[in-house]
Amino acid sequence: MSNVLESLNEEQKRAVKQIQGPLLILAGAGSGKTRVLTNRTAYMIRECGVSPFNILAITFTNKAASEMRRRIDEIVGYGSESIWVSTFHSMCVRILRRYGDRIGYDNSFTIYDTDDSKVLMKDVCKRLKIDTKQSPERVFLWEISHAKDELISEYDYAKKASYDFTLQDTARVYREYQESLKKNNAMDFDDLIVKTIELFKSCPEVLLNYQERFKYIMVDEYQDTNTAQFELVRLLSDRYRNICVVGDDDQSIYKFRGANIRNILDFETHYRDACVIKLEENYRSTQNILDAANSVIHNNMGRKDKTLWTGRGEGEKIHLRQLDSAYDEAEFVVDDIRKNKREGDLEYRDTAVLYRTNAQSRAIEEKLIMAGIPYNVVGGVNFYSRKEIKDLLAYLKVIDNGRDDLAVKRIINVPKRGIGSSSVSKLESFAEANGLSFYEALKRAYMIIPGKSLSKINEFTELIEELRKEAGEVSLEDLVNEILDRTEYIEKLEANDEYDAKARVENIDEFITKVVAFEEGSEDREEDSIGIEDKEREAEDQEERSILSRFLQEVALVADIDKVSEDDNRVLLMTLHSAKGLEFPYVYITGMEEGLFPGYMAISSEDEGELEEERRLCYVGITRAKEHLTLTSARSRMVRGERQYHAPSRFLDEIPVKLFDSNVRKPRIREEDRPYPATVKVQKEVFRTKPYASSSQTSKYRLAEEKKPFIAKAAIKTGKSMLSDCKDELEYGVGDRVRHIKFGDGEVLEIKSGGRDYEVTVKFDGPGVKKMFAGFAKLVKIM
DNA sequence: CGTACTAGTCTTTTT
DNA sequence: GACTAGTACG
């Protein structure tokens with residue numbers, strides 16, 4: 001039994017030993033907080049006689065949870081499996097699966113992801129006859145999500161709206177949305193938290209049960225908690241007040257998602273007797289990297305002052321490069337990776353390429369493929385939100401929970417089985433008029449639907465009933481295969497000769513692989529738990545649930561980062577957000593440009609907090625690097641089909657020049673590279689949101705001008721001259737032979753000047769005559 | 001009822 | 001430039 005205090009520094013030891021009462025650990029990046037948390041857990045159990053059964057550790061991602069689980073198992077050993085290590089969301093699901101019926105839900109409720117919520121919201125708006133042109137669904141969803149983060153119920157919101165009639169539409173939508181969710185026996189992500197709190201407040205005996213259970217609570221990444229999560233933690237810890245939170249206000253990057261930075265800044269006010277410990281020694285990075293990170297973050301106001309330091313020495317200088325285009329930038333990064341691989345003992349997995357937006361991954365991917373370097377992209381389009389996967393999941397959901405109207409509607413005509421929109425809308429109104437679920441309406445379709453369509457509907461419900469019967473008897477894998485067979489899903493997919501049919505089939509295969517893996521995993525877990533005597537093993541709320549329900553639950557809560565595996569020896573590409581909590585010997589931060597990072601939204605916002613959040617993001621990015629950090633920017637890049645010209649990011653100016661490798665001056669945009677003052681997009685944005693200059697805006701522009709003459713000019717110049725600047729001369733004319741990337745070669749028949757762009761008509765040798773815009777088509781003249 | 005084309009949106013970040 | 005939803009037409 002190793003001593004859990006060994007090899008910890010003084011501050012870390014204090015944190016480990018402080019187990020009674022509220023404790024705030026301000027842990028800078030790389031200061032060993034996971035180590036503190038795991039050792040603290042071990043210390044409680046071994047030295048203080050705390051039962052593992054009474055410990056709860058909460059994280060944000062499943063990846064962080066399983067990492068902590070692994071390390072706790074390692075250090076605690078016997079009994080560690082009765083510690084709850086869980087994300088906020090899965091913890092709430094577990095509780096609600098058991099007690100959801102106390103607040104009017106069926107315990108088998110389904111969880112709606114963002115796509116599902118969107119579909120539902122579309123429905124709601126249609127029913128309320130709200131013009132989604134004027135106020136798009138996503139605005140309502142966003143607003144409602146934020147209300148939930150702040151624990152404002154639909155009733156509170158209605159009350160608020162009675163004083164402020166601009167909120168009335170949202171209030172109506174909110175209410176209808178919640179009712180629809182409930183009717184579908186479904187909860188969205190935010191509901192999981194909100195409804196758990198509701199449960200605790202309306203059933204004190206349930207709360208008491210969990211308070212008694214979780215006498216010691218730890219929360220990781222506390223800076224990312226929102227008001228609802230704070231309340232949840234407060235309720236749970238209210239009885240014993242042994243609440244330990246770990247966080248770093250400088251790494252709070254989820255304000256857009258409702259994270260309330262005040263939770264960490266005001267912890268000491270909430271808990272007067274709180275003990276505060278700062279961990280500032282960094283065990284990850286070299287001093288140069290830390291100096292860069294420190295100098296950037298020092299530009300933020302209203303933070304808890306911390307300065308990271310390390311005993312690891314200065315290390316290598318930070319590399320800084322400005323390239324001409326995103327393409328060149330990608331090439332530089334890939335060449336550099338190849339060079340490092342050749343010269344050093346680097347594995348591909350030692351390298352991460354980070355960027356602000358997912359769209360930036362493409363250029364880098366292309367170059368990596370050309371260079372034959374294996375890589376993985378984290379995020380982007382989630383695997384589980386691909387069409388074919390969502391279809392399969394919808395079948396499974398319908399089999400599992402017939403009340404999920406959304407899922408039924410998704411698959412009722414997928415693959416095409418001749419049930420059209422007219423039947424569907426008849427059934428919809430029939431269901432609504434009689435208070436039936438959509439599926440129940442299907443079963444009573446004979447009452448309203450004439451013969452031809454009726455038989456199709458009956459075939460569908462019979463299919464579902466049979467599959468449902470089978471679900472209880474066969475394995476999950478067989479069930480999925482059965483769905484595919486009976487619906488001829490793959491055959492119909494391929495028959496549709498969509499060019500990506502192959503990729504879709506591959507996705508389905510991968511899905512089956514995941515199903516199998518899940519089944520094996522859950523068998524293991526069941527075996528593990530046998531023989532462990534646990535007074536009240538929470539398996540009791542899991543074990544009765546079918547493997548199907550558990551699978552659906554797991555799938556609903558996976559994040560992209562969860563799937564990253566260390567075993568793969570691949571370069572990792574991801575957003576700066578996804579990178580939080582990870583570390584790599586080699587880190588590239590690309591796209592260090594004004595308008596991109598910081599994004600134009602943050603630059604043009606009234607709220608300076610937005611810029612500070614971008615700066616924290618920059619801090620997070622820099623502190624991911626252990627030894628080698630490279631920052632790159634491009635003078636111009638294509639964004640949504642438009643060429644944009646960006647100045648280097650202001651964050652580069654905030655890093656002392658002496659930290660950069662010697663022979664490189666700070667990059668500046670050369671005069672001749674400045675065809676237009678700033679990005680067309682920024683300029684459009686400014687015009688759309690600020691049509692009339694008021695005094696406050698004028699001062700904003702002046703401020704911007706001092707800092708960045710680049711952006712300021714864009715705001716002041718008129719739109720007309722800018723737009724005409726965009727129209728390049730064409731290098732080809734009528735009668736010329738041109739080449740198109742998809743259609744091949746052809747002859748130009750006509751060129752029309754259509755406003756901002758040329759409309760070109762081309763007769764292609766293969767596909768025939770096509771009309772296209774020159775700006776998009778990228779036609780090249782051939783001889 | 002299904003298809004093919006069009007228009008609009010997106011891009012800031014995600015449990 | 002990619003994707004999606006909506007619409008018009010067969």
# chains A, B, ... in the order shown; residues from 1 in each chain; ligands from 1
$ closest_atom_pairs --of "chain B" --to "chain A" --cutoff "8 Å" --atoms "only C-alpha atoms (C1' of nucleotides)" --output "JSON lines"
{"residue": "B:DC1", "atom": "C1'", "partner": "A:Gly420", "partner_atom": "CA", "distance": 6.3}
{"residue": "B:DT11", "atom": "C1'", "partner": "A:Thr357", "partner_atom": "CA", "distance": 7.1}
{"residue": "B:DT12", "atom": "C1'", "partner": "A:Thr357", "partner_atom": "CA", "distance": 6.1}
{"residue": "B:DT13", "atom": "C1'", "partner": "A:His577", "partner_atom": "CA", "distance": 6.1}
{"residue": "B:DT14", "atom": "C1'", "partner": "A:Arg257", "partner_atom": "CA", "distance": 7.6}
{"residue": "B:DT15", "atom": "C1'", "partner": "A:His89", "partner_atom": "CA", "distance": 7.1}
$ write_last_selection --atoms "N, CA and C atoms (P, O5', C5', C4', C3', O3' and C1' of nucleotides)" --output "mmCIF file, in the first residue's frame"
data_model
loop_
_atom_site.group_PDB
_atom_site.id
_atom_site.type_symbol
_atom_site.label_atom_id
_atom_site.label_comp_id
_atom_site.auth_asym_id
_atom_site.auth_seq_id
_atom_site.Cartn_x
_atom_site.Cartn_y
_atom_site.Cartn_z
ATOM 1 P P DC B 1 -49.910 9.389 -49.653
ATOM 2 O "O5'" DC B 1 -48.792 9.146 -50.760
ATOM 3 C "C5'" DC B 1 -48.730 7.929 -51.452
ATOM 4 C "C4'" DC B 1 -47.577 8.027 -52.406
ATOM 5 C "C3'" DC B 1 -46.283 8.516 -51.737
ATOM 6 O "O3'" DC B 1 -45.262 7.555 -51.953
ATOM 7 C "C1'" DC B 1 -46.746 9.758 -53.714
ATOM 8 P P DT B 11 -23.925 27.036 -37.055
ATOM 9 O "O5'" DT B 11 -23.590 28.605 -36.698
ATOM 10 C "C5'" DT B 11 -23.036 29.454 -37.682
ATOM 11 C "C4'" DT B 11 -21.519 29.471 -37.500
ATOM 12 C "C3'" DT B 11 -20.875 30.477 -38.439
ATOM 13 O "O3'" DT B 11 -20.500 31.666 -37.744
ATOM 14 C "C1'" DT B 11 -19.833 28.318 -38.618
ATOM 15 P P DT B 12 -20.294 31.716 -36.178
ATOM 16 O "O5'" DT B 12 -20.076 30.227 -35.545
ATOM 17 C "C5'" DT B 12 -19.056 29.415 -36.025
ATOM 18 C "C4'" DT B 12 -18.270 28.791 -34.856
ATOM 19 C "C3'" DT B 12 -19.122 27.894 -33.973
ATOM 20 O "O3'" DT B 12 -19.010 26.568 -34.499
ATOM 21 C "C1'" DT B 12 -17.859 29.460 -32.644
ATOM 22 P P DT B 13 -18.510 25.326 -34.232
ATOM 23 O "O5'" DT B 13 -18.154 25.354 -32.692
ATOM 24 C "C5'" DT B 13 -17.096 24.519 -32.253
ATOM 25 C "C4'" DT B 13 -16.744 24.893 -30.829
ATOM 26 C "C3'" DT B 13 -17.575 24.133 -29.801
ATOM 27 O "O3'" DT B 13 -16.822 22.997 -29.433
ATOM 28 C "C1'" DT B 13 -17.381 26.445 -29.243
ATOM 29 P P DT B 14 -17.348 21.560 -29.886
ATOM 30 O "O5'" DT B 14 -18.246 21.204 -28.643
ATOM 31 C "C5'" DT B 14 -17.708 21.206 -27.347
ATOM 32 C "C4'" DT B 14 -18.767 20.687 -26.404
ATOM 33 C "C3'" DT B 14 -19.340 19.319 -26.783
ATOM 34 O "O3'" DT B 14 -19.582 18.604 -25.596
ATOM 35 C "C1'" DT B 14 -21.061 20.906 -26.738
ATOM 36 P P DT B 15 -19.573 17.032 -25.694
ATOM 37 O "O5'" DT B 15 -20.343 16.724 -24.337
ATOM 38 C "C5'" DT B 15 -19.808 17.163 -23.113
ATOM 39 C "C4'" DT B 15 -20.908 17.224 -22.076
ATOM 40 C "C3'" DT B 15 -21.683 15.916 -21.876
ATOM 41 O "O3'" DT B 15 -21.853 15.703 -20.491
ATOM 42 C "C1'" DT B 15 -23.160 17.682 -22.387
#
$ closest_atom_pairs --of "chain C" --to "chain A" --cutoff "12 Å" --atoms "only C-alpha atoms (C1' of nucleotides)" --output "JSON lines"
{"residue": "C:DG1", "atom": "C1'", "partner": "A:Gly641", "partner_atom": "CA", "distance": 5.9}
{"residue": "C:DA2", "atom": "C1'", "partner": "A:Arg640", "partner_atom": "CA", "distance": 9.4}
{"residue": "C:DC3", "atom": "C1'", "partner": "A:Val381", "partner_atom": "CA", "distance": 11.7}
{"residue": "C:DT4", "atom": "C1'", "partner": "A:Lys387", "partner_atom": "CA", "distance": 11.8}
{"residue": "C:DA5", "atom": "C1'", "partner": "A:Lys122", "partner_atom": "CA", "distance": 11.4}
$ closest_residue --among "A:Ser153, A:Gln251, A:Ser425, A:Asn260" --to "A:Asn226" --atoms "only C-alpha atoms"
A:Asn260
$ select_by_dssp --residues "stretch 112-187 of chain A" --states "helix (DSSP H, G or I)" --output "number ranges by chain"
A: 114-127, 137-149, 154-163, 165-183
$ write_last_selection --atoms "C-alpha atoms" --output "mmCIF file, in the first residue's frame"
data_model
loop_
_atom_site.group_PDB
_atom_site.id
_atom_site.type_symbol
_atom_site.label_atom_id
_atom_site.label_comp_id
_atom_site.auth_asym_id
_atom_site.auth_seq_id
_atom_site.Cartn_x
_atom_site.Cartn_y
_atom_site.Cartn_z
ATOM 1 C CA THR A 114 -30.108 18.503 -29.977
ATOM 2 C CA ASP A 115 -31.340 17.196 -33.304
ATOM 3 C CA ASP A 116 -34.399 15.659 -31.714
ATOM 4 C CA SER A 117 -35.117 18.861 -29.843
ATOM 5 C CA LYS A 118 -34.908 20.782 -33.076
ATOM 6 C CA VAL A 119 -37.422 18.529 -34.792
ATOM 7 C CA LEU A 120 -39.741 18.779 -31.849
ATOM 8 C CA MET A 121 -39.392 22.537 -31.785
ATOM 9 C CA LYS A 122 -40.250 22.748 -35.439
ATOM 10 C CA ASP A 123 -43.414 20.835 -34.616
ATOM 11 C CA VAL A 124 -44.228 23.140 -31.746
ATOM 12 C CA CYS A 125 -43.807 26.244 -33.861
ATOM 13 C CA LYS A 126 -46.050 24.785 -36.524
ATOM 14 C CA ARG A 127 -48.723 24.046 -33.987
ATOM 15 C CA GLU A 137 -36.462 27.524 -33.930
ATOM 16 C CA ARG A 138 -32.892 27.651 -32.802
ATOM 17 C CA VAL A 139 -33.458 31.032 -31.174
ATOM 18 C CA PHE A 140 -36.247 29.568 -29.075
ATOM 19 C CA LEU A 141 -34.193 26.499 -28.256
ATOM 20 C CA TRP A 142 -31.293 28.654 -27.259
ATOM 21 C CA GLU A 143 -33.468 30.863 -25.110
ATOM 22 C CA ILE A 144 -35.188 27.927 -23.442
ATOM 23 C CA SER A 145 -31.917 26.164 -22.831
ATOM 24 C CA HIS A 146 -30.573 29.225 -21.106
ATOM 25 C CA ALA A 147 -33.708 29.575 -19.050
ATOM 26 C CA LYS A 148 -33.247 25.989 -17.888
ATOM 27 C CA ASP A 149 -29.601 26.604 -17.097
ATOM 28 C CA GLU A 154 -41.911 27.514 -18.120
ATOM 29 C CA TYR A 155 -44.188 28.958 -15.420
ATOM 30 C CA ASP A 156 -41.547 31.395 -14.175
ATOM 31 C CA TYR A 157 -40.959 32.370 -17.739
ATOM 32 C CA ALA A 158 -44.628 33.037 -18.333
ATOM 33 C CA LYS A 159 -44.637 35.222 -15.277
ATOM 34 C CA LYS A 160 -41.637 37.113 -16.574
ATOM 35 C CA ALA A 161 -43.365 37.495 -19.912
ATOM 36 C CA SER A 162 -46.390 39.130 -18.322
ATOM 37 C CA TYR A 163 -44.192 42.113 -17.547
ATOM 38 C CA PHE A 165 -44.448 41.234 -23.802
ATOM 39 C CA THR A 166 -41.474 40.679 -26.112
ATOM 40 C CA LEU A 167 -40.996 37.434 -24.245
ATOM 41 C CA GLN A 168 -44.519 36.215 -24.762
ATOM 42 C CA ASP A 169 -43.888 34.136 -27.851
ATOM 43 C CA THR A 170 -41.017 32.378 -26.177
ATOM 44 C CA ALA A 171 -43.129 31.775 -23.116
ATOM 45 C CA ARG A 172 -45.825 30.112 -25.206
ATOM 46 C CA VAL A 173 -43.274 28.070 -27.096
ATOM 47 C CA TYR A 174 -41.494 27.072 -23.904
ATOM 48 C CA ARG A 175 -44.707 25.813 -22.398
ATOM 49 C CA GLU A 176 -45.787 23.915 -25.476
ATOM 50 C CA TYR A 177 -42.306 22.466 -25.890
ATOM 51 C CA GLN A 178 -42.284 21.140 -22.344
ATOM 52 C CA GLU A 179 -45.731 19.652 -22.778
ATOM 53 C CA SER A 180 -44.678 17.923 -25.969
ATOM 54 C CA LEU A 181 -41.602 16.508 -24.308
ATOM 55 C CA LYS A 182 -43.702 15.148 -21.540
ATOM 56 C CA LYS A 183 -46.223 13.692 -23.928
#
$ residues_around --residues "A:Leu572" --least-positions-apart "3" --cutoff "12 Å" --atoms "only C-alpha atoms (C1' of nucleotides)" --output "ChimeraX atom specification"
/A:337,347-355,361,364-365,368,373-379,561,564-566,568-569,575-576,578-579,582-584,586-588
$ closest_residue --among "A:Ile58, A:Val219, A:Val16, A:Leu467" --to "A:Asp485" --atoms "only C-alpha atoms"
A:Leu467
